[in-house]
file work-v3.tsv (TSV, C-alpha atoms and all ligand atoms)
chain	number	residue	atom	x	y	z
A	20	MET	CA	-36.53	-48.52	5.34
A	21	THR	CA	-34.43	-50.62	2.99
A	22	ASN	CA	-35.16	-54.33	3.04
A	23	VAL	CA	-32.22	-55.92	4.83
A	24	VAL	CA	-32.94	-59.49	3.76
A	25	GLU	CA	-33.28	-58.50	0.12
A	26	THR	CA	-30.16	-56.31	0.04
A	27	GLU	CA	-28.02	-58.89	1.80
A	28	SER	CA	-29.35	-61.63	-0.46
A	29	ASN	CA	-28.22	-59.61	-3.46
A	30	TYR	CA	-24.63	-59.31	-2.30
A	31	THR	CA	-23.86	-62.18	0.08
A	32	SER	CA	-21.39	-64.83	-1.04
A	33	GLY	CA	-24.09	-67.46	-0.78
A	34	VAL	CA	-22.05	-69.96	1.27
A	35	ASN	CA	-24.21	-69.57	4.36
A	36	SER	CA	-27.59	-71.20	4.82
A	37	LYS	CA	-29.71	-68.32	6.10
A	38	ARG	CA	-33.18	-67.86	7.52
A	39	PRO	CA	-35.24	-64.94	6.20
A	40	LEU	CA	-34.94	-62.90	9.37
A	41	ALA	CA	-32.86	-59.76	9.99
A	42	ILE	CA	-31.72	-59.47	13.62
A	43	VAL	CA	-30.64	-55.94	14.46
A	44	ARG	CA	-30.35	-55.81	18.25
A	45	GLY	CA	-29.77	-58.02	21.28
A	46	GLN	CA	-29.88	-57.83	25.06
A	47	GLY	CA	-29.03	-60.76	27.31
A	48	ALA	CA	-30.80	-63.79	25.84
A	49	ARG	CA	-33.25	-61.76	23.74
A	50	VAL	CA	-32.84	-60.43	20.21
A	51	TRP	CA	-35.03	-58.20	18.06
A	52	ASP	CA	-35.66	-58.19	14.33
A	53	GLU	CA	-35.85	-55.11	12.12
A	54	ASN	CA	-39.58	-54.77	12.79
A	55	GLY	CA	-39.09	-54.79	16.53
A	56	ARG	CA	-40.31	-58.35	17.09
A	57	GLU	CA	-38.68	-60.00	20.09
A	58	TYR	CA	-37.20	-63.52	20.17
A	59	ILE	CA	-35.72	-65.74	22.85
A	60	ASP	CA	-32.31	-66.59	21.48
A	61	CYS	CA	-31.17	-70.20	21.85
A	62	VAL	CA	-28.75	-69.79	18.95
A	63	GLY	CA	-26.56	-67.54	21.06
A	64	GLY	CA	-24.43	-66.45	18.15
A	65	GLN	CA	-23.69	-70.13	17.51
A	66	GLY	CA	-22.21	-70.30	21.01
A	67	THR	CA	-20.32	-67.00	20.95
A	68	ALA	CA	-22.70	-65.09	23.23
A	69	ASN	CA	-22.32	-66.93	26.56
A	70	VAL	CA	-22.16	-63.67	28.54
A	71	GLY	CA	-25.30	-62.38	26.80
A	72	HIS	CA	-25.87	-59.93	23.98
A	73	ALA	CA	-24.74	-56.36	24.52
A	74	ASN	CA	-23.17	-57.34	27.82
A	75	PRO	CA	-22.55	-53.96	29.50
A	76	VAL	CA	-19.22	-54.97	31.07
A	77	VAL	CA	-17.85	-56.20	27.74
A	78	ALA	CA	-19.30	-53.23	25.84
A	79	GLU	CA	-17.61	-50.81	28.24
A	80	ALA	CA	-14.25	-52.61	27.96
A	81	ILE	CA	-14.46	-52.54	24.16
A	82	ALA	CA	-15.38	-48.85	24.06
A	83	GLU	CA	-12.61	-47.94	26.48
A	84	GLN	CA	-9.99	-49.98	24.59
A	85	ALA	CA	-11.19	-48.61	21.24
A	86	ARG	CA	-10.36	-45.16	22.52
A	87	THR	CA	-6.98	-46.34	23.82
A	88	LEU	CA	-5.37	-48.72	21.30
A	89	ILE	CA	-6.90	-51.10	18.75
A	90	ALA	CA	-4.09	-52.06	16.42
A	91	LEU	CA	-0.90	-53.65	17.69
A	92	THR	CA	0.73	-56.85	16.48
A	93	GLU	CA	2.83	-59.19	18.58
A	94	VAL	CA	5.98	-57.41	17.45
A	95	PHE	CA	5.45	-55.47	20.67
A	96	TYR	CA	4.24	-56.36	24.14
A	97	ASN	CA	0.91	-55.03	25.42
A	98	ASP	CA	-0.78	-54.68	28.83
A	99	LYS	CA	-4.13	-56.18	27.80
A	100	ARG	CA	-2.45	-59.10	26.02
A	101	ALA	CA	-0.26	-59.82	29.03
A	102	ALA	CA	-3.35	-59.84	31.23
A	103	ILE	CA	-5.38	-62.26	29.10
A	104	GLU	CA	-2.47	-64.64	28.53
A	105	GLU	CA	-1.88	-64.80	32.27
A	106	LYS	CA	-5.60	-65.29	32.91
A	107	LEU	CA	-5.96	-68.07	30.32
A	108	ALA	CA	-2.91	-69.88	31.69
A	109	GLN	CA	-4.36	-69.64	35.22
A	110	ILE	CA	-7.80	-70.98	34.31
A	111	SER	CA	-6.59	-73.49	31.69
A	112	PRO	CA	-7.73	-77.06	32.32
A	113	ASN	CA	-4.29	-78.35	31.23
A	114	HIS	CA	-1.92	-76.29	33.40
A	115	ALA	CA	-0.85	-74.43	30.28
A	116	ASN	CA	2.44	-72.59	30.49
A	117	ARG	CA	2.05	-70.83	27.11
A	118	VAL	CA	-0.84	-69.27	25.20
A	119	PHE	CA	-1.16	-68.63	21.46
A	120	LEU	CA	-3.71	-65.98	20.52
A	121	CYS	CA	-5.58	-65.88	17.21
A	122	ASN	CA	-8.93	-64.85	15.77
A	123	SER	CA	-11.22	-67.83	15.37
A	124	GLY	CA	-11.79	-71.46	16.22
A	125	SER	CA	-10.40	-72.70	12.93
A	126	GLU	CA	-7.23	-70.71	13.48
A	127	ALA	CA	-6.81	-72.17	16.95
A	128	ILE	CA	-7.19	-75.66	15.48
A	129	GLU	CA	-4.74	-74.88	12.63
A	130	ALA	CA	-2.18	-73.72	15.15
A	131	ALA	CA	-2.54	-76.85	17.29
A	132	LEU	CA	-2.27	-79.14	14.24
A	133	LYS	CA	0.84	-77.39	12.98
A	134	LEU	CA	2.47	-77.23	16.39
A	135	ALA	CA	1.70	-80.92	17.05
A	136	ARG	CA	3.62	-81.79	13.88
A	137	TYR	CA	6.38	-79.33	14.78
A	138	SER	CA	6.73	-80.62	18.31
A	139	THR	CA	6.69	-84.36	17.55
A	140	GLY	CA	8.38	-84.41	14.14
A	141	ARG	CA	5.57	-86.77	13.09
A	142	THR	CA	2.80	-86.15	10.57
A	143	GLY	CA	-0.22	-88.28	11.45
A	144	ILE	CA	-3.38	-86.73	12.88
A	145	VAL	CA	-6.15	-88.91	14.25
A	146	ALA	CA	-9.59	-87.27	14.39
A	147	PHE	CA	-13.05	-88.71	15.01
A	148	MET	CA	-16.15	-89.47	13.04
A	149	ARG	CA	-18.85	-86.77	13.34
A	150	GLY	CA	-16.15	-84.39	14.61
A	151	PHE	CA	-16.22	-80.74	13.57
A	152	HIS	CA	-13.14	-78.55	13.80
A	153	GLY	CA	-13.62	-75.77	11.24
A	154	ARG	CA	-13.38	-74.94	7.55
A	155	THR	CA	-9.78	-73.99	6.83
A	156	MET	CA	-7.80	-76.71	5.05
A	157	GLY	CA	-6.15	-78.18	8.14
A	158	ALA	CA	-9.23	-77.90	10.35
A	159	LEU	CA	-11.36	-79.25	7.49
A	160	SER	CA	-9.04	-82.23	7.14
A	161	ALA	CA	-9.83	-83.05	10.78
A	162	THR	CA	-13.56	-82.47	10.23
A	163	TRP	CA	-15.55	-85.56	9.33
A	164	GLU	CA	-18.69	-84.45	7.47
A	165	PRO	CA	-18.27	-85.42	3.78
A	166	LYS	CA	-20.56	-82.58	2.67
A	167	TYR	CA	-18.03	-80.06	4.01
A	168	ARG	CA	-14.97	-81.96	2.75
A	169	ASP	CA	-15.77	-83.48	-0.60
A	170	PRO	CA	-15.80	-80.31	-2.74
A	171	PHE	CA	-12.27	-79.45	-1.58
A	172	VAL	CA	-10.23	-82.62	-1.91
A	173	PRO	CA	-7.35	-83.28	-1.85
A	174	LEU	CA	-7.12	-82.17	1.76
A	175	VAL	CA	-4.03	-82.28	4.01
A	176	PRO	CA	-2.39	-85.74	3.98
A	177	ASP	CA	-2.06	-88.13	6.93
A	178	PHE	CA	-5.40	-87.42	8.62
A	179	SER	CA	-7.61	-90.34	9.62
A	180	HIS	CA	-10.95	-90.68	11.42
A	181	ALA	CA	-11.78	-93.24	14.09
A	182	PRO	CA	-15.25	-93.83	15.58
A	183	TYR	CA	-16.03	-91.43	18.46
A	184	ASP	CA	-16.32	-92.89	21.94
A	185	ASN	CA	-14.72	-96.19	20.94
A	186	LEU	CA	-11.47	-96.62	22.85
A	187	GLU	CA	-10.39	-99.86	21.21
A	188	LYS	CA	-10.69	-98.38	17.70
A	189	ALA	CA	-8.77	-95.32	18.89
A	190	ARG	CA	-6.04	-97.54	20.32
A	191	ALA	CA	-5.66	-99.17	16.92
A	192	ALA	CA	-5.57	-95.83	15.09
A	193	ILE	CA	-2.95	-94.08	17.24
A	194	THR	CA	0.59	-95.22	16.37
A	195	ASP	CA	4.19	-94.07	16.73
A	196	LYS	CA	3.61	-91.97	13.60
A	197	THR	CA	0.77	-90.02	15.21
A	198	ALA	CA	1.61	-86.38	15.90
A	199	GLY	CA	-1.75	-85.42	17.32
A	200	VAL	CA	-5.16	-86.76	18.31
A	201	ILE	CA	-7.92	-84.18	18.04
A	202	VAL	CA	-11.16	-84.57	19.94
A	203	GLU	CA	-14.21	-82.64	21.15
A	204	VAL	CA	-15.30	-83.30	24.72
A	205	VAL	CA	-18.90	-82.94	23.55
A	206	GLN	CA	-19.34	-83.21	19.80
A	207	GLY	CA	-21.25	-80.07	18.85
A	208	GLU	CA	-22.03	-79.89	15.14
A	209	GLY	CA	-21.93	-83.70	15.13
A	210	GLY	CA	-25.16	-83.86	17.14
A	211	VAL	CA	-24.45	-82.75	20.74
A	212	ARG	CA	-22.81	-86.00	21.84
A	213	PRO	CA	-20.89	-85.98	25.13
A	214	GLY	CA	-17.89	-88.32	25.19
A	215	SER	CA	-17.65	-90.87	27.99
A	216	ARG	CA	-15.13	-90.51	30.79
A	217	GLU	CA	-13.62	-93.88	29.86
A	218	PHE	CA	-13.06	-92.75	26.27
A	219	LEU	CA	-11.63	-89.32	27.02
A	220	VAL	CA	-9.38	-90.39	29.89
A	221	GLY	CA	-8.31	-93.47	27.92
A	222	LEU	CA	-7.46	-91.35	24.90
A	223	GLN	CA	-5.16	-89.21	27.00
A	224	GLU	CA	-3.42	-92.32	28.34
A	225	ILE	CA	-2.89	-93.75	24.86
A	226	CYS	CA	-1.47	-90.42	23.63
A	227	ARG	CA	1.01	-90.31	26.51
A	228	GLU	CA	2.00	-93.94	25.90
A	229	ARG	CA	2.60	-93.47	22.19
A	230	GLY	CA	4.16	-90.01	22.33
A	231	ALA	CA	1.27	-88.34	20.48
A	232	LEU	CA	-0.10	-84.97	21.56
A	233	LEU	CA	-3.73	-84.62	22.62
A	234	ILE	CA	-5.58	-81.69	21.03
A	235	VAL	CA	-8.79	-80.95	22.90
A	236	ASP	CA	-11.20	-78.84	20.85
A	237	GLU	CA	-13.14	-76.75	23.37
A	238	VAL	CA	-14.17	-74.12	20.83
A	239	GLN	CA	-17.86	-74.80	21.49
A	240	THR	CA	-17.71	-76.30	24.99
A	241	GLY	CA	-15.40	-73.69	26.52
A	242	PHE	CA	-16.21	-70.73	28.76
A	243	CYS	CA	-18.88	-72.19	31.03
A	244	ARG	CA	-21.15	-73.66	28.33
A	245	THR	CA	-21.19	-77.16	29.81
A	246	GLY	CA	-21.39	-76.17	33.47
A	247	LYS	CA	-17.63	-75.86	34.07
A	248	MET	CA	-15.26	-73.20	32.77
A	249	PHE	CA	-13.99	-75.92	30.38
A	250	ALA	CA	-15.62	-79.26	29.61
A	251	SER	CA	-12.26	-81.00	30.17
A	252	GLU	CA	-12.77	-80.35	33.89
A	253	HIS	CA	-15.73	-82.76	34.03
A	254	PHE	CA	-13.31	-85.61	33.34
A	255	GLY	CA	-10.01	-84.20	34.57
A	256	ILE	CA	-8.42	-84.49	31.14
A	257	GLU	CA	-5.45	-82.30	30.26
A	258	GLY	CA	-4.95	-81.81	26.54
A	259	ASP	CA	-1.47	-80.88	25.36
A	260	PHE	CA	-3.32	-78.26	23.36
A	261	VAL	CA	-6.69	-76.88	24.42
A	262	CYS	CA	-8.26	-74.87	21.60
A	263	VAL	CA	-10.87	-72.23	22.42
A	264	ALA	CA	-12.64	-69.41	20.60
A	265	LYS	CA	-16.40	-68.69	20.29
A	266	SER	CA	-17.33	-67.09	23.65
A	267	ILE	CA	-13.82	-66.14	24.75
A	268	ALA	CA	-14.26	-62.41	24.10
A	269	GLY	CA	-17.97	-61.77	24.62
A	270	GLY	CA	-18.70	-62.27	20.93
A	271	LEU	CA	-15.73	-60.47	19.40
A	272	PRO	CA	-13.64	-62.67	17.07
A	273	MET	CA	-10.86	-64.29	19.07
A	274	GLY	CA	-9.29	-67.69	19.49
A	275	ALA	CA	-6.59	-69.16	21.67
A	276	VAL	CA	-4.55	-72.29	22.18
A	277	MET	CA	-3.56	-73.12	25.74
A	278	ILE	CA	-0.34	-75.08	25.38
A	279	GLY	CA	0.86	-77.67	27.90
A	280	GLU	CA	4.38	-78.55	28.93
A	281	ARG	CA	4.73	-81.68	26.77
A	282	VAL	CA	4.81	-79.43	23.70
A	283	LYS	CA	8.39	-78.56	22.87
A	284	LYS	CA	9.81	-75.05	22.91
A	285	LEU	CA	8.41	-72.96	20.07
A	286	GLU	CA	10.85	-70.89	18.03
A	287	PRO	CA	10.06	-67.35	16.81
A	288	MET	CA	8.44	-67.08	13.36
A	289	ILE	CA	7.32	-70.71	12.98
A	290	HIS	CA	3.69	-69.57	13.24
A	291	GLY	CA	1.79	-66.31	13.62
A	292	THR	CA	-1.12	-64.07	12.72
A	293	THR	CA	-1.46	-60.32	12.20
A	294	PHE	CA	-4.64	-59.72	14.18
A	295	GLY	CA	-3.94	-62.36	16.85
A	296	GLY	CA	-3.62	-60.85	20.31
A	297	ASN	CA	-4.86	-57.43	19.26
A	298	PRO	CA	-5.57	-55.22	22.28
A	299	LEU	CA	-9.27	-54.77	21.45
A	300	ALA	CA	-10.04	-58.50	21.48
A	301	CYS	CA	-7.82	-58.99	24.54
A	302	ALA	CA	-9.66	-56.26	26.47
A	303	ALA	CA	-13.01	-57.81	25.52
A	304	GLY	CA	-11.73	-61.23	26.58
A	305	ILE	CA	-10.56	-60.03	29.98
A	306	ALA	CA	-13.95	-58.42	30.57
A	307	ALA	CA	-15.90	-61.47	29.36
A	308	ILE	CA	-13.94	-63.98	31.44
A	309	GLY	CA	-14.11	-61.69	34.47
A	310	TYR	CA	-17.88	-61.49	34.05
A	311	MET	CA	-18.19	-65.29	33.79
A	312	GLU	CA	-16.27	-65.72	37.04
A	313	LYS	CA	-18.01	-62.94	38.94
A	314	GLU	CA	-21.49	-64.10	37.93
A	315	ASN	CA	-20.62	-67.81	38.25
A	316	LEU	CA	-21.92	-68.57	34.76
A	317	ALA	CA	-20.51	-72.11	35.02
A	318	GLY	CA	-22.72	-72.85	38.02
A	319	ARG	CA	-25.64	-71.19	36.30
A	320	ALA	CA	-25.16	-73.28	33.15
A	321	ALA	CA	-24.96	-76.47	35.21
A	322	GLU	CA	-28.13	-75.69	37.14
A	323	LEU	CA	-30.21	-74.33	34.27
A	324	GLY	CA	-28.91	-77.03	31.93
A	325	ALA	CA	-30.02	-79.82	34.26
A	326	TYR	CA	-33.38	-78.10	34.67
A	327	MET	CA	-33.90	-77.67	30.93
A	328	LYS	CA	-32.78	-81.20	30.11
A	329	GLY	CA	-35.30	-82.51	32.65
A	330	ARG	CA	-38.08	-80.43	31.12
A	331	LEU	CA	-37.27	-81.66	27.63
A	332	GLU	CA	-37.03	-85.27	28.79
A	333	ARG	CA	-40.55	-85.02	30.18
A	334	ILE	CA	-42.02	-84.04	26.81
A	335	GLU	CA	-44.01	-86.99	25.60
A	336	SER	CA	-43.61	-87.12	21.87
A	337	PRO	CA	-43.06	-90.08	19.58
A	338	LEU	CA	-40.85	-87.76	17.49
A	339	ILE	CA	-38.13	-87.51	20.14
A	340	ARG	CA	-35.41	-90.16	20.00
A	341	GLU	CA	-33.15	-88.79	22.74
A	342	VAL	CA	-32.34	-85.68	24.77
A	343	ARG	CA	-28.58	-85.24	25.29
A	344	GLY	CA	-26.21	-82.63	26.56
A	345	LEU	CA	-23.97	-81.17	29.21
A	346	GLY	CA	-24.85	-77.91	30.92
A	347	LEU	CA	-26.57	-75.48	28.59
A	348	MET	CA	-25.40	-77.34	25.49
A	349	ILE	CA	-28.47	-79.41	24.74
A	350	GLY	CA	-29.54	-81.51	21.78
A	351	VAL	CA	-32.94	-83.06	21.12
A	352	GLU	CA	-32.55	-85.81	18.56
A	353	LEU	CA	-35.70	-86.22	16.49
A	354	LYS	CA	-36.78	-89.12	14.32
A	355	GLN	CA	-37.37	-86.56	11.57
A	356	LYS	CA	-35.60	-83.66	9.89
A	357	VAL	CA	-35.31	-80.72	12.25
A	358	THR	CA	-35.61	-77.77	9.83
A	359	PRO	CA	-39.45	-77.51	9.78
A	360	TYR	CA	-39.46	-77.44	13.58
A	361	LEU	CA	-36.85	-74.69	13.68
A	362	HIS	CA	-39.08	-72.58	11.44
A	363	ALA	CA	-42.14	-73.35	13.56
A	364	LEU	CA	-40.21	-72.28	16.67
A	365	MET	CA	-39.16	-69.07	14.96
A	366	ASP	CA	-42.82	-68.29	14.30
A	367	ARG	CA	-43.38	-68.69	18.03
A	368	GLY	CA	-40.54	-66.32	18.88
A	369	VAL	CA	-37.86	-68.89	19.70
A	370	LEU	CA	-34.57	-69.17	17.80
A	371	ALA	CA	-32.76	-72.53	17.89
A	372	LEU	CA	-30.07	-74.34	15.90
A	373	PRO	CA	-29.76	-77.64	14.12
A	374	ALA	CA	-26.85	-80.05	14.66
A	375	GLY	CA	-26.82	-82.28	11.62
A	376	LEU	CA	-30.10	-83.19	9.96
A	377	ASN	CA	-32.23	-84.30	12.87
A	378	VAL	CA	-30.91	-82.78	16.09
A	379	LEU	CA	-32.41	-79.61	17.54
A	380	ARG	CA	-29.62	-77.79	19.35
A	381	LEU	CA	-29.89	-75.15	22.08
A	382	LEU	CA	-26.93	-72.86	22.85
A	383	PRO	CA	-28.60	-69.97	24.70
A	384	PRO	CA	-26.58	-67.20	26.34
A	385	LEU	CA	-25.84	-68.50	29.84
A	386	VAL	CA	-27.49	-65.43	31.36
A	387	ILE	CA	-30.86	-66.68	30.12
A	388	GLU	CA	-33.69	-66.61	32.67
A	389	LYS	CA	-35.30	-69.83	33.83
A	390	SER	CA	-38.68	-68.44	32.77
A	391	ASP	CA	-37.37	-68.03	29.22
A	392	LEU	CA	-36.26	-71.67	29.22
A	393	ASP	CA	-39.80	-72.62	30.28
A	394	VAL	CA	-41.18	-70.72	27.29
A	395	VAL	CA	-38.68	-72.51	25.01
A	396	ALA	CA	-39.53	-75.97	26.42
A	397	ASP	CA	-43.26	-75.28	26.01
A	398	ALA	CA	-42.73	-74.04	22.46
A	399	ILE	CA	-40.75	-77.17	21.56
A	400	GLU	CA	-43.47	-79.37	23.03
A	401	GLN	CA	-46.12	-77.48	21.05
A	402	VAL	CA	-44.39	-77.55	17.67
A	403	LEU	CA	-43.73	-81.28	18.03
A	404	GLN	CA	-47.44	-81.79	18.65
A	405	GLU	CA	-48.51	-79.56	15.78
A	406	GLU	CA	-46.61	-81.48	13.16
A	407	LYS	CA	-47.89	-84.75	14.49
A	408	GLU	CA	-51.53	-83.85	13.90
B	1	LIG	C1	-17.26	-73.49	15.68
B	1	LIG	C2	-16.27	-74.57	15.89
B	1	LIG	C3	-15.00	-74.55	15.27
B	1	LIG	C4	-14.61	-73.53	14.25
B	1	LIG	O1	-14.60	-72.24	14.76
B	1	LIG	P1	-14.66	-70.99	13.76
B	1	LIG	O2	-14.53	-69.82	14.66
B	1	LIG	O3	-15.98	-71.06	13.06
B	1	LIG	O4	-13.54	-71.11	12.82
B	1	LIG	C5	-14.11	-75.55	15.61
B	1	LIG	N1	-14.43	-76.52	16.48
B	1	LIG	C6	-15.64	-76.57	17.09
B	1	LIG	C7	-15.93	-77.66	18.05
B	1	LIG	C8	-16.60	-75.62	16.80
B	1	LIG	O5	-17.80	-75.69	17.38

call {"tool": "encode", "arguments": {"input": "work-v3.tsv", "output": "structure tokens", "more": "lines below"}}
Ligand SMILES: *Cc1c(COP(=O)(O)O)cnc(C)c1O
result
Amino acid sequence: MTNVVETESNYTSGVNSKRPLAIVRGQGARVWDENGREYIDCVGGQGTANVGHANPVVAEAIAEQARTLIALTEVFYNDKRAAIEEKLAQISPNHANRVFLCNSGSEAIEAALKLARYSTGRTGIVAFMRGFHGRTMGALSATWEPKYRDPFVPLVPDFSHAPYDNLEKARAAITDKTAGVIVEVVQGEGGVRPGSREFLVGLQEICRERGALLIVDEVQTGFCRTGKMFASEHFGIEGDFVCVAKSIAGGLPMGAVMIGERVKKLEPMIHGTTFGGNPLACAAGIAAIGYMEKENLAGRAAELGAYMKGRLERIESPLIREVRGLGLMIGVELKQKVTPYLHALMDRGVLALPAGLNVLRLLPPLVIEKSDLDVVADAIEQVLQEEKE
């Protein structure tokens, strides 16, 4: 057998920080490496695998659509695209009356940023410290982390960053030149930090007052992750744009912007994408969303998330600063760097993510069994003890 890690290392671009592990198969919340070793997966494809790996309903829809029609741009109408646009509008947290389909989270953010400028005729974008919105130039301009931004300056003009969860600072930053205000309901990459109701609801009020459009980034929080179909629903906020991607299509690349009525009429050709709304991704999306509803994955995430958070909070370790999260989006902030603990967990058959330097992040498929979460909580407790001694 060829060595996967070695071959990929020889040819990969190098921009990704990788662990020396080749995963070749998945099922539900478990994955297997090339030697057949099994892991409990709390990486969940970085939040793209909410319905579980190799979900049979999604796999069947993809296979069926692959035999029917894969390639079709939005020059023509399509049955699967019509179905997912209707579905997204119906379940949208913002009473969306239009849906833009694309292929990734960054693309959904780019679209919202452009359309906010287009709709308002203004240029300013207010984003938040520790926010993450993607790596393309517009999305990167809204992203806060200097490590991601600095090598690529100058970025897009007229972006500014206010402190997250500070309404007074936001009020000062949003003016009559602000086209859009972009915010995560729970900051993901920035350390799993849920926003407060006061902040999120207040932000919406300020946007309405000043004629700015609210862009809610639900790329990571969407599709049942936080215990509701969309995290916006916890607070009743209605973004003018709600951007989604990650788990929308069972793991296939897809993004969408659910567009509210305050956004002006969009003219043909002002924006677009070749692959956006392709029938294959649309078919996968219909299947994935249908599965989430049928299996009540939102309820499952709420229940299991509360259970897991409780278990983690009961771990007595001087290394833990705080356990945070909403639903099955959980962060354990450590007083130390998280990387050694991620490796120790991997040795114990548990895959987890970082969020920044010192937060251990769990984004398991929402189909995960409670007993698997027990194994994960025990493993976390053990590795934190090990390092202490
Ligand atoms: C992952 C992510 C993005 C970017 O999505 P890509 O598909 O990687 O382009 C944007 N916003 C948030 C909150 C994310 O978690």

call {"tool": "residues_near_point", "arguments": {"input": "work-v3.tsv", "point": "(-14.3, -65.5, 17.8)", "cutoff": "6 Å", "atoms": "only C-alpha atoms", "output": "PDB file with C-alpha atoms, in the coordinates of the input"}}
result
ATOM      1  CA  ASN A 122      -8.930 -64.850  15.770  1.00  0.00           C
ATOM      2  CA  SER A 123     -11.220 -67.830  15.370  1.00  0.00           C
ATOM      3  CA  ALA A 264     -12.640 -69.410  20.600  1.00  0.00           C
ATOM      4  CA  LYS A 265     -16.400 -68.690  20.290  1.00  0.00           C
ATOM      5  CA  LEU A 271     -15.730 -60.470  19.400  1.00  0.00           C
ATOM      6  CA  PRO A 272     -13.640 -62.670  17.070  1.00  0.00           C
ATOM      7  CA  MET A 273     -10.860 -64.290  19.070  1.00  0.00           C
ATOM      8  CA  GLY A 274      -9.290 -67.690  19.490  1.00  0.00           C
TER       9      GLY A 274
END

call {"tool": "residues_near_ligand", "arguments": {"input": "work-v3.tsv", "ligand": "ligand LIG 1 (chain B)", "cutoff": "8 Å", "atoms": "all atoms listed in the file", "output": "JSON, numbers by chain"}}
result
{"A": [65, 66, 122, 123, 124, 125, 126, 127, 128, 150, 151, 152, 153, 154, 155, 158, 203, 206, 207, 208, 236, 237, 238, 239, 240, 264, 265, 272, 273, 274]}

call {"tool": "residues_around", "arguments": {"input": "work-v3.tsv", "residues": "region 100-111 of chain A", "least_positions_apart": "5", "cutoff": "10 Å", "atoms": "all atoms listed in the file", "output": "ChimeraX atom specification"}}
result
/A:93,116-120,248-249,251-252,257-258,261,267,275-279,295-306,308-309

call {"tool": "closest_residue", "arguments": {"input": "work-v3.tsv", "among": "A:Pro39, A:Gly230, A:Gly221, A:Gly329", "to": "Thr26 (chain A)", "atoms": "all atoms listed in the file"}}
result
A:Pro39

call {"tool": "residues_around", "arguments": {"input": "work-v3.tsv", "residues": "Ala317 (chain A)", "least_positions_apart": "3", "cutoff": "6 Å", "atoms": "only C-alpha atoms", "output": "PyMOL selection string"}}
result
chain A and resi 243+246-248+320

call {"tool": "closest_residue", "arguments": {"input": "work-v3.tsv", "among": "A:Glu400, A:Asp177, A:Glu312, A:Asp60", "to": "Ile193 (chain A)", "atoms": "only C-alpha atoms"}}
result
A:Asp177
